[in-house]
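Note: the block below is final.txt and it holds compact mmCIF, C-alpha atoms.
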# COMPACT_ATOMS: atom_id res chain seq x y z
CA MET A 1 118.98 175.56 41.29
CA ASN A 2 116.28 173.01 40.89
CA THR A 3 113.97 173.08 43.87
CA THR A 4 111.67 170.25 42.75
CA PRO A 5 111.31 167.89 45.75
CA THR A 6 112.64 164.35 45.37
CA ARG A 7 109.92 161.63 45.57
CA ARG A 8 110.79 158.89 48.06
CA PRO A 9 110.07 155.24 47.08
CA ARG A 10 106.98 153.67 48.58
CA THR A 11 109.01 151.13 50.48
CA ARG A 12 106.66 150.94 53.45
CA ALA A 13 103.57 150.31 51.31
CA ARG A 14 105.35 147.66 49.25
CA THR A 15 106.63 145.92 52.37
CA PHE A 16 103.13 145.86 53.82
CA ALA A 17 101.72 144.39 50.62
CA LEU A 18 104.36 141.64 50.56
CA ALA A 19 103.60 140.83 54.18
CA LEU A 20 99.93 140.48 53.39
CA ALA A 21 100.68 138.20 50.46
CA ALA A 22 102.98 136.06 52.57
CA GLY A 23 100.30 135.74 55.24
CA ALA A 24 97.74 134.70 52.69
CA LEU A 25 100.15 132.09 51.32
CA VAL A 26 100.72 130.63 54.78
CA VAL A 27 96.99 130.47 55.46
CA GLY A 28 96.33 128.83 52.09
CA THR A 29 99.11 126.32 52.63
CA SER A 30 97.78 125.45 56.08
CA ALA A 31 94.30 124.98 54.67
CA CYS A 32 95.59 122.71 51.92
CA THR A 33 97.67 120.72 54.38
CA GLY A 34 94.69 120.24 56.66
CA GLY A 35 92.55 119.06 53.77
CA THR A 36 95.16 116.56 52.74
CA ALA A 37 95.45 115.23 56.25
CA GLU A 38 91.71 114.84 56.49
CA ALA A 39 91.66 113.05 53.13
CA GLU A 40 94.40 110.71 54.30
CA ASP A 41 92.52 110.03 57.53
CA THR A 42 89.40 109.02 55.62
CA THR A 43 91.17 106.68 53.18
CA ASP A 44 92.38 104.02 55.60
CA THR A 45 92.99 100.72 53.84
CA ALA A 46 90.34 98.13 54.74
CA PRO A 47 91.76 94.78 55.97
CA ALA A 48 91.80 92.04 53.33
CA PRO A 49 89.09 89.39 53.80
CA ASP A 50 90.15 86.03 55.14
CA PRO A 51 90.70 83.40 52.41
CA VAL A 52 87.76 81.10 51.84
CA ALA A 53 88.51 77.62 53.02
CA THR A 54 87.93 74.85 50.47
CA THR A 55 86.36 71.66 51.73
CA ASP A 56 85.69 68.30 50.15
CA ASP A 57 82.06 69.38 49.82
CA ASP A 58 83.19 72.21 47.51
CA THR A 59 85.27 69.93 45.30
CA GLY A 60 82.75 67.10 45.11
CA ALA A 61 85.39 64.55 46.16
CA ASP A 62 83.17 63.10 48.86
CA ASP A 63 80.26 62.88 46.43
CA ASP A 64 82.37 60.88 43.98
CA ALA A 65 83.58 58.51 46.68
CA THR A 66 80.08 58.01 47.99
CA ALA A 67 78.68 57.38 44.51
CA GLY A 68 81.34 54.74 43.81
CA GLY A 69 80.67 53.07 47.15
CA ASP A 70 76.91 52.94 46.57
CA LEU A 71 77.36 51.18 43.24
CA LEU A 72 79.24 48.37 44.98
CA ALA A 73 77.03 48.17 48.07
CA GLY A 74 74.32 45.95 46.57
CA THR A 75 71.76 48.75 46.85
CA ASN A 76 71.86 50.08 43.29
CA GLN A 77 71.46 48.44 39.91
CA VAL A 78 73.93 49.41 37.20
CA ASP A 79 74.63 48.99 33.53
CA ILE A 80 78.13 47.68 32.82
CA GLN A 81 79.79 49.49 29.93
CA THR A 82 82.94 48.16 28.28
CA TYR A 83 86.01 50.24 27.43
CA GLY A 84 84.82 50.28 23.81
CA GLY A 85 81.37 51.67 24.71
CA GLU A 86 79.32 48.47 24.49
CA TRP A 87 77.01 47.11 27.20
CA VAL A 88 77.23 43.78 29.00
CA THR A 89 74.02 41.77 29.01
CA THR A 90 72.75 38.24 29.27
CA THR A 91 71.28 36.30 26.40
CA ALA A 92 68.01 34.45 26.15
CA GLU A 93 70.04 31.23 26.09
CA GLY A 94 71.61 32.00 29.45
CA GLY A 95 74.97 33.31 28.31
CA VAL A 96 76.74 36.65 28.45
CA THR A 97 77.34 39.00 25.54
CA THR A 98 77.84 42.67 24.70
CA VAL A 99 75.60 44.93 22.62
CA ALA A 100 76.14 48.37 21.12
CA ASP A 101 72.75 49.54 22.40
CA PRO A 102 70.74 48.19 25.35
CA ALA A 103 67.71 48.27 23.06
CA GLU A 104 69.39 45.45 21.11
CA ALA A 105 69.18 43.13 24.12
CA GLY A 106 65.90 41.68 22.88
CA GLY A 107 63.91 42.60 25.94
CA VAL A 108 66.44 41.08 28.34
CA SER A 109 67.38 43.40 31.21
CA THR A 110 70.91 44.78 30.90
CA THR A 111 71.26 45.88 34.53
CA TRP A 112 73.33 44.19 37.23
CA VAL A 113 73.78 44.40 40.99
CA PHE A 114 77.19 44.12 42.69
CA GLU A 115 76.50 42.37 45.99
CA PRO A 116 79.31 42.18 48.55
CA THR A 117 79.83 38.76 50.12
CA GLY A 118 82.58 39.64 52.58
CA GLU A 119 85.91 39.96 50.78
CA ALA A 120 84.43 39.30 47.33
CA PHE A 121 81.33 40.10 45.25
CA GLN A 122 78.57 38.34 43.40
CA VAL A 123 77.57 40.16 40.22
CA ARG A 124 73.87 39.42 39.82
CA THR A 125 71.81 40.17 36.73
CA THR A 126 68.39 41.69 37.33
CA ALA A 127 67.01 39.45 34.57
CA THR A 128 65.52 36.26 35.98
CA THR A 129 64.74 32.85 34.53
CA ASP A 130 61.67 31.17 36.04
CA GLY A 131 62.03 33.60 38.93
CA GLN A 132 65.63 32.55 39.53
CA SER A 133 68.39 35.16 39.58
CA SER A 134 71.62 34.49 37.71
CA CYS A 135 75.13 35.61 38.64
CA LEU A 136 78.28 36.14 36.62
CA SER A 137 80.36 32.97 36.74
CA LEU A 138 83.99 32.27 35.83
CA PRO A 139 84.13 28.45 36.08
CA SER A 140 87.43 27.98 34.23
CA ASP A 141 89.99 29.64 32.00
CA ASP A 142 88.46 31.67 29.19
CA VAL A 143 84.87 30.92 30.22
CA VAL A 144 82.57 33.79 31.22
CA THR A 145 78.94 32.86 31.71
CA VAL A 146 76.05 33.15 34.16
CA ALA A 147 74.66 30.52 36.51
CA PRO A 148 71.95 30.41 39.17
CA CYS A 149 73.17 32.56 42.04
CA ASP A 150 74.82 30.48 44.76
CA PRO A 151 76.77 32.26 47.52
CA ALA A 152 78.71 29.04 48.11
CA ALA A 153 79.87 28.71 44.49
CA PRO A 154 83.57 29.72 44.28
CA ASP A 155 83.29 30.56 40.57
CA GLN A 156 80.81 33.32 41.49
CA GLN A 157 83.06 34.91 44.13
CA LEU A 158 84.63 37.73 42.14
CA ASP A 159 87.21 40.35 43.00
CA VAL A 160 86.12 43.87 42.04
CA ALA A 161 88.80 46.58 42.14
CA THR A 162 87.99 50.27 41.71
CA LEU A 163 90.26 52.28 39.41
CA ASP A 164 91.11 56.00 39.13
CA GLN A 165 87.45 56.88 38.70
CA PRO A 166 85.11 55.54 41.40
CA ASP A 167 82.69 54.18 38.77
CA GLN A 168 85.38 52.26 36.88
CA VAL A 169 86.28 48.72 37.93
CA ASN A 170 88.21 45.56 37.09
CA ILE A 171 86.46 42.21 37.60
CA SER A 172 88.56 39.12 38.18
CA SER A 173 88.97 35.79 39.95
CA ALA A 174 91.60 33.11 40.16
CA ALA A 175 90.59 32.13 36.60
CA GLY A 176 91.71 35.49 35.17
CA VAL A 177 90.66 39.08 34.51
CA VAL A 178 87.37 39.74 32.70
CA VAL A 179 87.89 41.70 29.46
CA ALA A 180 85.71 42.81 26.58
CA ASP A 181 86.40 40.53 23.62
CA GLN A 182 87.16 42.35 20.38
CA GLU A 183 84.75 40.01 18.60
CA GLY A 184 81.96 40.68 21.09
CA GLY A 185 81.09 39.23 24.45
CA LEU A 186 83.45 38.75 27.37
CA ALA A 187 86.62 36.73 27.81
CA LEU A 188 89.36 36.19 30.37
CA ASP A 189 92.87 37.60 30.18
CA PRO A 190 95.78 37.13 32.56
CA ASP A 191 96.89 40.76 32.09
CA PRO A 192 95.02 43.19 34.40
CA SER A 193 96.58 46.22 32.70
CA SER A 194 94.70 45.75 29.44
CA PRO A 195 92.36 48.67 28.61
CA ALA A 196 89.75 46.03 27.71
CA SER A 197 89.55 45.11 31.41
CA VAL A 198 88.14 48.54 32.35
CA PHE A 199 84.38 48.56 32.92
CA THR A 200 82.29 51.62 33.77
CA LEU A 201 79.30 51.25 36.08
CA VAL A 202 76.34 53.45 35.14
CA ASP A 203 73.87 53.99 37.97
CA ARG A 204 70.30 52.94 37.11
CA GLY A 205 68.68 53.57 40.48
CA ALA A 206 67.79 51.49 43.49
CA ALA A 207 67.94 47.73 43.14
CA GLU A 208 64.72 45.79 43.59
CA GLY A 209 64.45 43.22 46.32

Could you quickly redo this structure as structure tokens?
Amino acid sequence: MNTTPTRRPRTRARTFALALAAGALVVGTSACTGGTAEAEDTTDTAPAPDPVATTDDDTGADDDATAGGDLLAGTNQVDIQTYGGEWVTTTAEGGVTTVADPAEAGGVSTTWVFEPTGEAFQVRTTATTDGQSSCLSLPSDDVVTVAPCDPAAPDQQLDVATLDQPDQVNISSAAGVVVADQEGGLALDPDPSSPASVFTLVDRGAAEG
């Protein structure tokens, strides 16, 4: 008969070891969970900034309107450029013409002043003859000239309408619409929609006098 004692399994030791492992797992899980919670607490989303309001000062709209108004207020002198890129000037003989370059004007000033006279304008050249200022005159159909400035002269009372750009204008009277003649100089046309009736005013600083 075999009297060798039977070895019992180490159930109690194994159970104790598993319990320890389970406890360590719970502690580790709790620690990880706490860390995550703390991380979430510290990553709150910052509120989005309020949108920046856009004003007319940002867009420059007011500046454009003001610039266009100044050019028609009688305070600034301007060069008048045609749709084709030429410049309106007077001649030594007392007429009106256009030149490709102001330097071609033969020493005659190419600048003008738009002076409001109530509901209309006088367009005065800064060039003088014997100290006398001259104004753009539309005395009859197809005649564009200059004459000594006279606020009472109806042919010098001109309508000036601003276009899409504040520095672009149409000039007209009952005689017709002023246009740049293809052969040079200025003419009158009954059609205000012609591209040749568009004139650009280029600011040349404060008007004298």

Leu201 of chain A surroundings by all atoms listed in the file, 9 Å radius, close-in-sequence under 6 positions cut, as a PyMOL selection string: chain A and resi 68+71+78-81+166-169

How big is the axis-aligned box around the listed atoms of segment 92-96 of chain A once 5 Å is added on each side, and where is its centre? Give both in Å to one decimal, as JSON.
{"center_x": 72.4, "center_y": 33.9, "center_z": 27.8, "size_x": 18.7, "size_y": 15.4, "size_z": 13.4}

Around (78.8, 37.3, 43.1) in the file's frame, which residues reach within 9 Å when counting all atoms listed in the file? Return as a ChimeraX atom specification? /A:113-117,120-124,135-137,149-151,153,155-159

Can you list, as an mmCIF file with C-alpha atoms, in the coordinates of the input, every protein, DNA or RNA residue that comes within 10 Å of Asp189 of chain A when you count only C-alpha atoms, leaving out same-chain residues fewer than 4 positions away?
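File produced: out-v9.cif:
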data_model
loop_
_atom_site.group_PDB
_atom_site.id
_atom_site.type_symbol
_atom_site.label_atom_id
_atom_site.label_comp_id
_atom_site.auth_asym_id
_atom_site.auth_seq_id
_atom_site.Cartn_x
_atom_site.Cartn_y
_atom_site.Cartn_z
ATOM 1 C CA ASP A 141 89.990 29.640 32.000
ATOM 2 C CA ASP A 142 88.460 31.670 29.190
ATOM 3 C CA SER A 172 88.560 39.120 38.180
ATOM 4 C CA ALA A 175 90.590 32.130 36.600
ATOM 5 C CA GLY A 176 91.710 35.490 35.170
ATOM 6 C CA VAL A 177 90.660 39.080 34.510
ATOM 7 C CA VAL A 178 87.370 39.740 32.700
ATOM 8 C CA VAL A 179 87.890 41.700 29.460
ATOM 9 C CA ALA A 180 85.710 42.810 26.580
ATOM 10 C CA ASP A 181 86.400 40.530 23.620
ATOM 11 C CA SER A 193 96.580 46.220 32.700
ATOM 12 C CA SER A 194 94.700 45.750 29.440
ATOM 13 C CA ALA A 196 89.750 46.030 27.710
ATOM 14 C CA SER A 197 89.550 45.110 31.410
#

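Taking atom CA of Thr97 of chain A and atom CA of Asp191 of chain A as endpoints, the distance between them is 20.7 Å.
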
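Note that atom CA of Trp112 of chain A and atom CA of Gly205 of chain A are 11.0 Å apart.
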
Report the closest atom pair, with its distance in Å rounded to one decimal, for each residue of segment 122-209 of chain A that has an atom no farther than 9 Å from segment 84-94 of chain A; count all atoms listed in the file, sort by chain and then rising residue number, and write it as CSV.
residue,atom,partner,partner_atom,distance
A:Thr125,CA,A:Thr90,CA,7.8
A:Ala127,CA,A:Thr90,CA,7.9
A:Thr129,CA,A:Gly94,CA,8.6
A:Ser134,CA,A:Gly94,CA,8.6
A:Thr145,CA,A:Gly94,CA,7.7
A:Val146,CA,A:Gly94,CA,6.6
A:Ala147,CA,A:Gly94,CA,7.8
A:Ala180,CA,A:Gly84,CA,8.0
A:Gln182,CA,A:Gly84,CA,9.0
A:Gly184,CA,A:Glu86,CA,8.9
A:Gly185,CA,A:Val88,CA,7.5
A:Leu186,CA,A:Val88,CA,8.2
A:Ala196,CA,A:Gly84,CA,7.6

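The two atoms in question, atom CA of Tyr83 of chain A and atom CA of Gly118 of chain A, are spaced 27.5 Å apart.
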